[in-house]
$ cat my_file.cif   # mmCIF, C-alpha atoms
data_data
loop_
_atom_site.label_atom_id
_atom_site.label_comp_id
_atom_site.auth_asym_id
_atom_site.auth_seq_id
_atom_site.Cartn_x
_atom_site.Cartn_y
_atom_site.Cartn_z
CA MET Q 1 7.64 21.51 -2.39
CA PRO Q 2 10.22 21.42 0.40
CA SER Q 3 12.36 24.51 0.89
CA SER Q 4 16.02 24.67 -0.06
CA THR Q 5 16.90 24.23 3.64
CA SER Q 6 15.24 20.84 3.79
CA TYR Q 7 17.36 17.78 4.38
CA ARG Q 8 16.51 15.19 1.74
CA HIS Q 9 17.63 11.61 1.71
CA SER Q 10 16.82 9.43 -1.30
CA PHE Q 11 17.25 5.69 -1.73
CA THR Q 12 15.63 2.72 -3.45
CA ALA Q 13 13.87 -0.01 -1.51
CA MET Q 14 10.97 -2.39 -2.06
CA ALA Q 15 11.38 -1.83 -5.82
CA SER Q 16 10.40 1.82 -5.31
CA PRO Q 17 12.07 5.23 -5.20
CA CYS Q 18 12.05 6.46 -1.60
CA GLN Q 19 12.65 9.85 -0.04
CA LEU Q 20 12.87 11.25 3.48
CA VAL Q 21 12.36 15.02 3.80
CA LEU Q 22 13.28 16.54 7.16
CA GLU Q 23 13.17 20.15 8.38
CA GLY Q 24 13.87 21.95 11.63
CA ILE Q 25 16.82 19.76 12.59
CA PRO Q 26 20.57 20.32 12.05
CA ALA Q 27 22.01 18.50 9.05
CA PRO Q 28 24.28 16.11 11.02
CA ALA Q 29 21.37 15.00 13.22
CA ALA Q 30 19.12 14.77 10.17
CA ALA Q 31 21.65 12.56 8.42
CA ARG Q 32 21.82 10.20 11.40
CA ALA Q 33 18.05 10.06 11.65
CA ALA Q 34 17.65 9.42 7.92
CA ALA Q 35 20.24 6.63 7.96
CA ALA Q 36 18.44 4.94 10.85
CA ALA Q 37 15.07 5.27 9.09
CA GLU Q 38 16.45 3.80 5.87
CA ALA Q 39 17.93 0.91 7.86
CA GLU Q 40 14.51 0.22 9.35
CA VAL Q 41 12.90 0.18 5.91
CA ARG Q 42 15.48 -2.32 4.72
CA ARG Q 43 14.92 -4.45 7.82
CA VAL Q 44 11.20 -4.66 7.06
CA GLU Q 45 11.97 -5.45 3.43
CA ARG Q 46 14.35 -8.28 4.35
CA LYS Q 47 11.92 -9.72 6.84
CA TYR Q 48 8.82 -9.76 4.64
CA SER Q 49 10.06 -9.90 1.04
CA ARG Q 50 8.66 -12.80 -0.95
CA TYR Q 51 11.89 -12.79 -2.98
CA ARG Q 52 14.20 -13.72 -0.10
CA PRO Q 53 14.45 -17.41 0.85
CA ASP Q 54 15.18 -16.47 4.46
CA SER Q 55 12.22 -14.12 4.95
CA VAL Q 56 9.28 -14.80 7.23
CA VAL Q 57 7.04 -14.96 4.18
CA ALA Q 58 9.25 -17.59 2.52
CA VAL Q 59 9.20 -19.75 5.65
CA LEU Q 60 5.41 -19.53 5.94
CA ASN Q 61 4.90 -20.35 2.26
CA ALA Q 62 7.38 -23.24 2.30
CA SER Q 63 5.35 -24.83 5.11
CA ALA Q 64 2.02 -24.66 3.23
CA GLY Q 65 0.25 -28.00 3.18
CA ARG Q 66 2.54 -29.38 5.87
CA GLN Q 67 2.62 -27.68 9.24
CA ALA Q 68 1.85 -24.60 11.28
CA VAL Q 69 4.56 -22.00 11.81
CA ALA Q 70 4.91 -19.95 14.98
CA VAL Q 71 5.54 -16.26 14.30
CA ASP Q 72 7.05 -13.40 16.28
CA GLU Q 73 5.00 -10.59 17.78
CA GLU Q 74 5.59 -8.14 14.92
CA THR Q 75 4.48 -10.65 12.30
CA ALA Q 76 1.51 -11.64 14.45
CA ARG Q 77 0.30 -8.02 14.48
CA LEU Q 78 0.53 -7.82 10.69
CA LEU Q 79 -1.28 -11.13 10.23
CA GLN Q 80 -4.01 -10.06 12.63
CA PHE Q 81 -4.40 -6.79 10.74
CA ALA Q 82 -4.68 -8.76 7.48
CA ALA Q 83 -7.30 -11.03 9.06
CA GLU Q 84 -9.35 -8.00 10.13
CA LEU Q 85 -9.09 -6.49 6.64
CA HIS Q 86 -10.30 -9.76 5.17
CA ALA Q 87 -13.35 -9.70 7.41
CA GLN Q 88 -14.12 -6.00 6.83
CA SER Q 89 -13.90 -6.38 3.04
CA ASP Q 90 -16.06 -9.52 2.86
CA GLY Q 91 -13.01 -11.47 1.77
CA LEU Q 92 -11.89 -9.14 -1.02
CA PHE Q 93 -8.68 -8.06 0.73
CA ASP Q 94 -6.88 -11.37 0.95
CA ILE Q 95 -3.14 -11.76 1.55
CA THR Q 96 -3.28 -15.29 0.12
CA SER Q 97 -4.22 -13.94 -3.34
CA GLY Q 98 -0.62 -13.15 -4.26
CA CYS Q 99 -0.21 -16.50 -5.98
CA LEU Q 100 -2.48 -15.20 -8.77
CA ARG Q 101 0.49 -13.18 -10.03
CA HIS Q 102 1.90 -16.45 -11.41
CA ALA Q 103 -0.83 -16.44 -14.06
CA TRP Q 104 -0.64 -12.80 -15.09
CA ASP Q 105 2.21 -11.40 -17.19
CA PHE Q 106 2.01 -7.62 -17.16
CA LYS Q 107 5.32 -7.25 -19.01
CA THR Q 108 4.11 -9.02 -22.15
CA GLY Q 109 0.44 -8.17 -21.66
CA ARG Q 110 -0.85 -11.74 -21.74
CA GLU Q 111 -4.12 -12.70 -20.10
CA PRO Q 112 -4.33 -16.12 -18.45
CA THR Q 113 -6.93 -18.66 -19.49
CA GLU Q 114 -9.56 -19.98 -17.11
CA ALA Q 115 -7.67 -23.27 -17.04
CA GLU Q 116 -4.53 -21.45 -15.89
CA LEU Q 117 -6.38 -19.51 -13.17
CA ALA Q 118 -8.41 -22.40 -11.77
CA PRO Q 119 -5.63 -24.22 -9.86
CA LEU Q 120 -4.40 -20.93 -8.42
CA LEU Q 121 -7.86 -19.88 -7.27
CA ASP Q 122 -8.06 -23.16 -5.35
CA ARG Q 123 -5.09 -21.95 -3.29
CA VAL Q 124 -6.61 -18.52 -2.49
CA GLY Q 125 -8.63 -17.89 0.63
CA TRP Q 126 -7.64 -16.57 4.04
CA HIS Q 127 -10.70 -18.39 5.40
CA HIS Q 128 -8.84 -21.64 4.69
CA ALA Q 129 -5.90 -20.55 6.84
CA VAL Q 130 -5.69 -21.61 10.48
CA TRP Q 131 -4.59 -18.57 12.48
CA ASP Q 132 -4.70 -18.57 16.29
CA GLY Q 133 -2.84 -15.31 16.90
CA ARG Q 134 0.48 -17.05 17.46
CA SER Q 135 0.96 -19.50 14.59
CA LEU Q 136 -0.25 -19.80 11.02
CA HIS Q 137 -1.08 -22.94 9.10
CA LEU Q 138 -1.70 -22.77 5.35
CA PRO Q 139 -3.48 -26.10 4.87
CA ARG Q 140 -3.30 -26.38 1.10
CA ALA Q 141 -0.04 -27.11 -0.70
CA GLY Q 142 0.93 -24.17 -2.86
CA MET Q 143 -0.87 -21.58 -0.74
CA GLU Q 144 1.05 -18.36 -0.20
CA VAL Q 145 0.84 -15.26 1.91
CA ASP Q 146 2.08 -12.02 0.42
CA PHE Q 147 2.46 -8.79 2.37
CA GLY Q 148 2.74 -6.77 -0.85
CA GLY Q 149 -0.53 -5.00 -0.07
CA ILE Q 150 0.59 -3.75 3.34
CA GLY Q 151 4.37 -4.18 3.59
CA LYS Q 152 5.51 -0.89 2.07
CA GLU Q 153 2.95 1.04 4.06
CA TYR Q 154 4.06 -0.66 7.27
CA ALA Q 155 7.66 0.21 6.43
CA ALA Q 156 6.66 3.87 5.99
CA ASP Q 157 5.10 3.90 9.46
CA ARG Q 158 8.16 2.23 10.95
CA ALA Q 159 10.50 4.73 9.26
CA ALA Q 160 8.41 7.60 10.65
CA ALA Q 161 8.58 6.04 14.13
CA VAL Q 162 12.37 5.85 13.93
CA LEU Q 163 12.57 9.48 12.80
CA ALA Q 164 10.39 10.50 15.74
CA GLU Q 165 12.75 8.64 18.09
CA HIS Q 166 15.51 10.84 16.64
CA GLN Q 167 13.54 13.98 17.56
CA VAL Q 168 12.37 14.75 14.04
CA HIS Q 169 9.12 16.71 14.31
CA HIS Q 170 8.86 18.28 10.86
CA GLY Q 171 9.00 16.16 7.73
CA PHE Q 172 7.64 13.17 5.91
CA VAL Q 173 8.47 9.71 4.63
CA ASN Q 174 7.73 8.84 0.99
CA LEU Q 175 8.11 5.20 0.00
CA GLY Q 176 7.07 4.97 -3.61
CA GLY Q 177 4.10 7.27 -3.08
CA ASP Q 178 3.10 5.91 0.32
CA LEU Q 179 3.45 8.90 2.64
CA CYS Q 180 3.71 9.29 6.39
CA VAL Q 181 3.86 12.82 7.82
CA LEU Q 182 5.65 13.47 11.12
CA GLY Q 183 4.41 17.01 11.58
CA PRO Q 184 3.95 20.34 9.78
CA ARG Q 185 6.74 22.43 8.39
CA PRO Q 186 8.59 24.47 11.05
CA ASP Q 187 6.38 27.51 10.38
CA GLY Q 188 3.25 25.42 10.98
CA SER Q 189 2.23 25.23 7.33
CA PRO Q 190 1.16 21.90 5.82
CA TRP Q 191 3.01 19.74 3.35
CA ARG Q 192 1.39 19.76 -0.09
CA PHE Q 193 1.25 16.48 -2.03
CA ALA Q 194 0.18 15.99 -5.62
CA ILE Q 195 -2.17 13.19 -6.63
CA GLN Q 196 -1.20 11.70 -9.99
CA HIS Q 197 -3.85 11.82 -12.70
CA PRO Q 198 -4.60 8.15 -13.46
CA ARG Q 199 -4.95 8.74 -17.20
CA GLU Q 200 -2.51 11.61 -17.84
CA ASP Q 201 1.12 10.89 -16.93
CA ASP Q 202 2.16 14.55 -16.87
CA ASN Q 203 -0.84 15.87 -15.00
CA ILE Q 204 -2.33 15.81 -11.52
CA CYS Q 205 -5.96 15.59 -10.47
CA ALA Q 206 -5.61 17.18 -7.03
CA HIS Q 207 -3.36 18.34 -4.21
CA ILE Q 208 -3.78 17.21 -0.62
CA GLU Q 209 -2.25 19.19 2.26
CA LEU Q 210 -1.30 17.42 5.48
CA THR Q 211 0.33 18.37 8.77
CA HIS Q 212 0.13 14.85 10.20
CA GLY Q 213 -1.15 11.39 9.34
CA ALA Q 214 -0.62 9.38 6.19
CA LEU Q 215 -1.63 9.31 2.54
CA ALA Q 216 -1.63 6.33 0.19
CA THR Q 217 -2.93 5.85 -3.34
CA SER Q 218 -3.88 2.73 -5.25
CA GLY Q 219 -4.84 2.75 -8.91
CA ASP Q 220 -5.26 0.84 -12.13
CA TYR Q 221 -2.45 2.80 -13.79
CA GLU Q 222 0.51 1.52 -11.75
CA ARG Q 223 1.00 -1.80 -13.55
CA PHE Q 224 -1.33 -2.65 -16.41
CA PHE Q 225 -1.79 -3.47 -20.06
CA ILE Q 226 -4.56 -2.81 -22.57
CA THR Q 227 -6.05 -5.77 -24.43
CA GLU Q 228 -6.73 -5.76 -28.15
CA ASP Q 229 -10.41 -5.10 -27.49
CA GLY Q 230 -9.58 -2.10 -25.28
CA ARG Q 231 -9.93 -3.57 -21.78
CA ARG Q 232 -7.54 -2.35 -19.10
CA CYS Q 233 -5.97 -5.14 -17.04
CA CYS Q 234 -4.26 -3.89 -13.88
CA HIS Q 235 -2.30 -5.69 -11.17
CA ILE Q 236 -5.02 -5.41 -8.51
CA LEU Q 237 -6.77 -8.77 -8.75
CA ASN Q 238 -10.09 -9.90 -7.33
CA PRO Q 239 -9.30 -12.97 -5.19
CA ARG Q 240 -12.63 -14.59 -6.06
CA THR Q 241 -12.26 -14.44 -9.83
CA GLY Q 242 -8.56 -13.84 -10.42
CA GLN Q 243 -9.56 -10.95 -12.70
CA PRO Q 244 -8.39 -7.32 -12.48
CA VAL Q 245 -10.57 -4.71 -10.81
CA ARG Q 246 -12.43 -2.53 -13.28
CA TYR Q 247 -14.24 0.33 -11.59
CA TRP Q 248 -12.24 3.07 -9.88
CA GLN Q 249 -9.30 4.54 -11.77
CA ALA Q 250 -7.63 5.45 -8.48
CA ALA Q 251 -8.27 5.72 -4.76
CA SER Q 252 -6.34 8.00 -2.40
CA VAL Q 253 -6.90 7.64 1.34
CA VAL Q 254 -5.82 9.79 4.29
CA ALA Q 255 -5.67 7.97 7.63
CA PRO Q 256 -3.78 8.26 10.92
CA VAL Q 257 -1.17 5.68 9.82
CA CYS Q 258 0.06 4.59 6.41
CA LEU Q 259 -0.74 0.93 7.04
CA ALA Q 260 -4.43 1.82 7.28
CA ALA Q 261 -4.34 4.33 4.42
CA GLY Q 262 -2.75 1.86 2.00
CA ALA Q 263 -5.00 -1.02 2.98
CA LEU Q 264 -8.15 1.11 2.61
CA ALA Q 265 -7.00 2.46 -0.77
CA THR Q 266 -6.55 -1.08 -2.07
CA MET Q 267 -9.81 -2.14 -0.45
CA ALA Q 268 -11.61 0.67 -2.27
CA MET Q 269 -10.29 -0.56 -5.60
CA LEU Q 270 -11.47 -4.08 -4.78
CA ILE Q 271 -14.90 -3.14 -3.42
CA GLY Q 272 -15.80 -1.02 -6.44
CA ALA Q 273 -18.90 1.15 -6.56
CA GLN Q 274 -19.80 0.56 -2.90
CA ALA Q 275 -16.46 1.92 -1.64
CA PRO Q 276 -17.71 5.42 -0.66
CA MET Q 277 -20.21 3.88 1.76
CA ARG Q 278 -17.70 1.40 3.16
CA LEU Q 279 -14.77 3.81 3.66
CA GLY Q 280 -16.69 6.52 5.50
CA MET Q 281 -15.31 6.13 9.03
CA PRO Q 282 -13.85 8.46 11.70
CA GLY Q 283 -10.36 9.70 10.93
CA VAL Q 284 -10.43 8.60 7.30
CA GLY Q 285 -10.72 10.82 4.26
CA PHE Q 286 -10.61 9.74 0.65
CA LEU Q 287 -10.54 10.89 -2.95
CA LEU Q 288 -11.84 8.45 -5.56
CA VAL Q 289 -11.45 8.82 -9.33
CA GLY Q 290 -14.45 7.22 -11.00
CA PRO Q 291 -14.78 5.31 -14.28
CA ALA Q 292 -15.32 8.50 -16.26
CA GLY Q 293 -12.66 10.49 -14.41
CA ASP Q 294 -15.18 12.03 -11.99
CA LEU Q 295 -13.95 12.81 -8.48
CA GLN Q 296 -15.62 11.80 -5.22
CA SER Q 297 -14.18 13.00 -1.92
CA HIS Q 298 -15.02 12.60 1.74
CA ASP Q 299 -13.69 14.39 4.84
CA LEU Q 300 -10.78 16.08 3.04
CA ASP Q 301 -11.93 19.70 3.01
CA PRO Q 302 -10.15 22.08 3.42
CA PHE Q 303 -7.10 19.92 2.72
CA LEU Q 304 -8.11 19.00 -0.85
CA HIS Q 305 -7.33 21.32 -3.76
CA ILE Q 306 -8.61 20.37 -7.23
CA PRO Q 307 -7.19 22.35 -10.16
CA ASN Q 308 -9.65 24.37 -12.20
CA PRO Q 309 -10.23 22.81 -15.65
CA THR Q 310 -8.48 24.69 -18.44
#
$ encode --input "my_file.cif" --output "structure tokens"
Amino acid sequence: MPSSTSYRHSFTAMASPCQLVLEGIPAPAAARAAAAAEAEVRRVERKYSRYRPDSVVAVLNASAGRQAVAVDEETARLLQFAAELHAQSDGLFDITSGCLRHAWDFKTGREPTEAELAPLLDRVGWHHAVWDGRSLHLPRAGMEVDFGGIGKEYAADRAAAVLAEHQVHHGFVNLGGDLCVLGPRPDGSPWRFAIQHPREDDNICAHIELTHGALATSGDYERFFITEDGRRCCHILNPRTGQPVRYWQAASVVAPVCLAAGALATMAMLIGAQAPMRLGMPGVGFLLVGPAGDLQSHDLDPFLHIPNPT
């Protein structure tokens, strides 16, 4: 945990509790840096929220089935990243799958019928989109793009970049559990982060220590309901079937930037049993919680600490 001399700034954005923890910088400078970082998070939220009629996402979706929309350089980078994720995941990471949320009601715990899913599945598929690096055309009426799978992570990276511009070298950004570390604590020691146990609300399954880079977790416990026959239905949906993923309980990924960590964590949930073979790449470490609660890790030692069973 941060020391009592840490400067902490808490706020709510992107429907998540957020916190900036800064050390090694005078409080007035820390306050200015934190305010600028929060402003950047809110800028990203305004620009890419699907709930705002004036957002980039709203404009793109409103033009589906009609015309191509030219995008700015920042949006083009995000769309290109999404296109690359789609290719690397064999189509399982698909930013056009957000429309499936219209069929699922996680508040009341109601499963959609096949008849309800079918028309939505017809609108899913990045391979249908026409993307030339400068403009995007969603050819089918009702198609949508949704940056929900990468937006918060991108905002965490942007907040960290703003803090770095304000000469913050020791601290981290936490946007609803998506973490971006600017550097070690002033004494050189790492920050220690707890990984929530996916089946025990008041317990953790591991700690991960970081001095730099990013950490993101995706799991089937964030938004879900249990059916009468005992099946767990979570909010991570397979774009091919419209059905929830049902293999890993959780996936935590460490990567150089939060955008990559979050995308790979979600990709692991979507890929299923083959994820350990697909995620093993330079600069990436991961901790996967299997169907029976078993842990699989890669390239996290000595940064991973798993509590002894009691």
$ resolve_selection --input "my_file.cif" --expression "the PyMOL selection byres ((chain Q and resi 166-178) around 6)" --output "number ranges by chain"
Q: 16-23, 33, 163-165, 179-185, 216
$ closest_residue --input "my_file.cif" --among "Q:Ala68, Q:Ala206, Q:Leu215, Q:Ala76" --to "Ala260 in chain Q" --atoms "all atoms listed in the file"
Q:Leu215
$ residues_around --input "my_file.cif" --residues "Cys258 in chain Q" --least-positions-apart "5" --cutoff "6 Å" --atoms "all atoms listed in the file" --output "NGL selection string"
:Q and (153 or 157 or 180 or 214)
$ residues_near_point --input "my_file.cif" --point "(-4.0, 6.1, -6.3)" --cutoff "12 Å" --atoms "all atoms listed in the file" --output "ChimeraX atom specification"
/Q:176-179,194-199,204-206,215-223,236,248-254,261-269,286-290
$ closest_residue --input "my_file.cif" --among "Q:Ala34, Q:Met143, Q:Leu100, Q:Leu78" --to "Ala58 in chain Q" --atoms "all atoms listed in the file"
Q:Met143
$ atom_distance --input "my_file.cif" --atom1 "CA of Phe193 in chain Q" --atom2 "CA of Ile306 in chain Q"
11.8 Å
$ closest_residue --input "my_file.cif" --among "Q:Leu117, Q:Ala13, Q:Val145, Q:Ala31" --to "Ala82 in chain Q" --atoms "only C-alpha atoms"
Q:Val145
$ decode --input "my_file.cif" --residues "range 40-79 of chain Q" --atoms "N, CA and C atoms" --output "compact mmCIF listing (two decimals), in the first residue's frame"
# COMPACT_ATOMS: atom_id res chain seq x y z
N GLU Q 40 -7.58 14.63 -18.65
CA GLU Q 40 -7.30 13.83 -19.84
C GLU Q 40 -8.18 12.58 -19.88
N VAL Q 41 -8.38 11.96 -18.73
CA VAL Q 41 -9.28 10.80 -18.67
C VAL Q 41 -10.69 11.20 -19.11
N ARG Q 42 -11.14 12.33 -18.63
CA ARG Q 42 -12.49 12.78 -18.98
C ARG Q 42 -12.58 13.17 -20.46
N ARG Q 43 -11.49 13.68 -21.00
CA ARG Q 43 -11.48 13.98 -22.45
C ARG Q 43 -11.67 12.70 -23.26
N VAL Q 44 -10.92 11.66 -22.89
CA VAL Q 44 -11.03 10.39 -23.60
C VAL Q 44 -12.44 9.82 -23.44
N GLU Q 45 -12.99 9.94 -22.23
CA GLU Q 45 -14.35 9.44 -22.00
C GLU Q 45 -15.35 10.17 -22.88
N ARG Q 46 -15.28 11.49 -22.92
CA ARG Q 46 -16.21 12.27 -23.76
C ARG Q 46 -16.08 11.89 -25.23
N LYS Q 47 -14.88 11.69 -25.66
CA LYS Q 47 -14.64 11.46 -27.08
C LYS Q 47 -15.13 10.09 -27.55
N TYR Q 48 -15.01 9.08 -26.67
CA TYR Q 48 -15.29 7.71 -27.11
C TYR Q 48 -16.44 7.02 -26.39
N SER Q 49 -17.17 7.74 -25.56
CA SER Q 49 -18.30 7.13 -24.86
C SER Q 49 -19.43 6.81 -25.84
N ARG Q 50 -19.99 5.63 -25.70
CA ARG Q 50 -21.14 5.28 -26.55
C ARG Q 50 -22.42 5.93 -26.04
N TYR Q 51 -22.36 6.56 -24.86
CA TYR Q 51 -23.56 7.16 -24.26
C TYR Q 51 -23.74 8.62 -24.65
N ARG Q 52 -22.72 9.23 -25.27
CA ARG Q 52 -22.79 10.64 -25.62
C ARG Q 52 -23.12 10.79 -27.11
N PRO Q 53 -24.16 11.56 -27.44
CA PRO Q 53 -24.54 11.70 -28.84
C PRO Q 53 -23.52 12.45 -29.68
N ASP Q 54 -22.59 13.17 -29.01
CA ASP Q 54 -21.60 13.93 -29.75
C ASP Q 54 -20.24 13.25 -29.80
N SER Q 55 -20.15 12.00 -29.34
CA SER Q 55 -18.87 11.31 -29.32
C SER Q 55 -18.52 10.78 -30.71
N VAL Q 56 -17.25 10.47 -30.90
CA VAL Q 56 -16.80 9.87 -32.16
C VAL Q 56 -17.54 8.56 -32.42
N VAL Q 57 -17.71 7.78 -31.37
CA VAL Q 57 -18.39 6.50 -31.51
C VAL Q 57 -19.83 6.70 -31.98
N ALA Q 58 -20.52 7.68 -31.41
CA ALA Q 58 -21.91 7.95 -31.81
C ALA Q 58 -21.99 8.35 -33.28
N VAL Q 59 -21.06 9.16 -33.72
CA VAL Q 59 -21.05 9.60 -35.12
C VAL Q 59 -20.81 8.41 -36.05
N LEU Q 60 -19.85 7.57 -35.70
CA LEU Q 60 -19.57 6.39 -36.53
C LEU Q 60 -20.79 5.48 -36.60
N ASN Q 61 -21.42 5.24 -35.45
CA ASN Q 61 -22.55 4.31 -35.41
C ASN Q 61 -23.76 4.88 -36.13
N ALA Q 62 -23.97 6.19 -36.04
CA ALA Q 62 -25.11 6.81 -36.71
C ALA Q 62 -24.98 6.74 -38.23
N SER Q 63 -23.75 6.58 -38.72
CA SER Q 63 -23.52 6.52 -40.16
C SER Q 63 -23.53 5.10 -40.71
N ALA Q 64 -23.73 4.10 -39.84
CA ALA Q 64 -23.74 2.70 -40.29
C ALA Q 64 -24.81 2.49 -41.35
N GLY Q 65 -24.44 1.76 -42.40
CA GLY Q 65 -25.37 1.49 -43.48
C GLY Q 65 -25.56 2.63 -44.44
N ARG Q 66 -24.83 3.74 -44.22
CA ARG Q 66 -25.04 4.91 -45.08
C ARG Q 66 -23.74 5.39 -45.75
N GLN Q 67 -22.75 5.75 -44.94
CA GLN Q 67 -21.58 6.37 -45.54
C GLN Q 67 -20.35 6.18 -44.66
N ALA Q 68 -19.20 6.37 -45.28
CA ALA Q 68 -17.94 6.32 -44.55
C ALA Q 68 -17.74 7.61 -43.77
N VAL Q 69 -17.01 7.50 -42.66
CA VAL Q 69 -16.72 8.66 -41.82
C VAL Q 69 -15.21 8.80 -41.67
N ALA Q 70 -14.69 9.96 -42.00
CA ALA Q 70 -13.27 10.24 -41.80
C ALA Q 70 -13.02 10.46 -40.30
N VAL Q 71 -11.89 9.95 -39.81
CA VAL Q 71 -11.59 10.06 -38.39
C VAL Q 71 -10.26 10.79 -38.20
N ASP Q 72 -10.06 11.32 -37.01
CA ASP Q 72 -8.82 12.01 -36.68
C ASP Q 72 -7.71 11.00 -36.40
N GLU Q 73 -6.50 11.49 -36.24
CA GLU Q 73 -5.34 10.61 -36.10
C GLU Q 73 -5.43 9.73 -34.85
N GLU Q 74 -5.88 10.30 -33.74
CA GLU Q 74 -5.99 9.52 -32.50
C GLU Q 74 -6.96 8.37 -32.68
N THR Q 75 -8.12 8.64 -33.23
CA THR Q 75 -9.12 7.59 -33.45
C THR Q 75 -8.61 6.57 -34.45
N ALA Q 76 -7.88 7.02 -35.46
CA ALA Q 76 -7.33 6.10 -36.45
C ALA Q 76 -6.37 5.11 -35.80
N ARG Q 77 -5.57 5.58 -34.85
CA ARG Q 77 -4.64 4.66 -34.16
C ARG Q 77 -5.41 3.61 -33.37
N LEU Q 78 -6.48 4.01 -32.70
CA LEU Q 78 -7.27 3.06 -31.93
C LEU Q 78 -7.96 2.06 -32.84
N LEU Q 79 -8.50 2.53 -33.95
CA LEU Q 79 -9.16 1.62 -34.89
C LEU Q 79 -8.16 0.65 -35.50
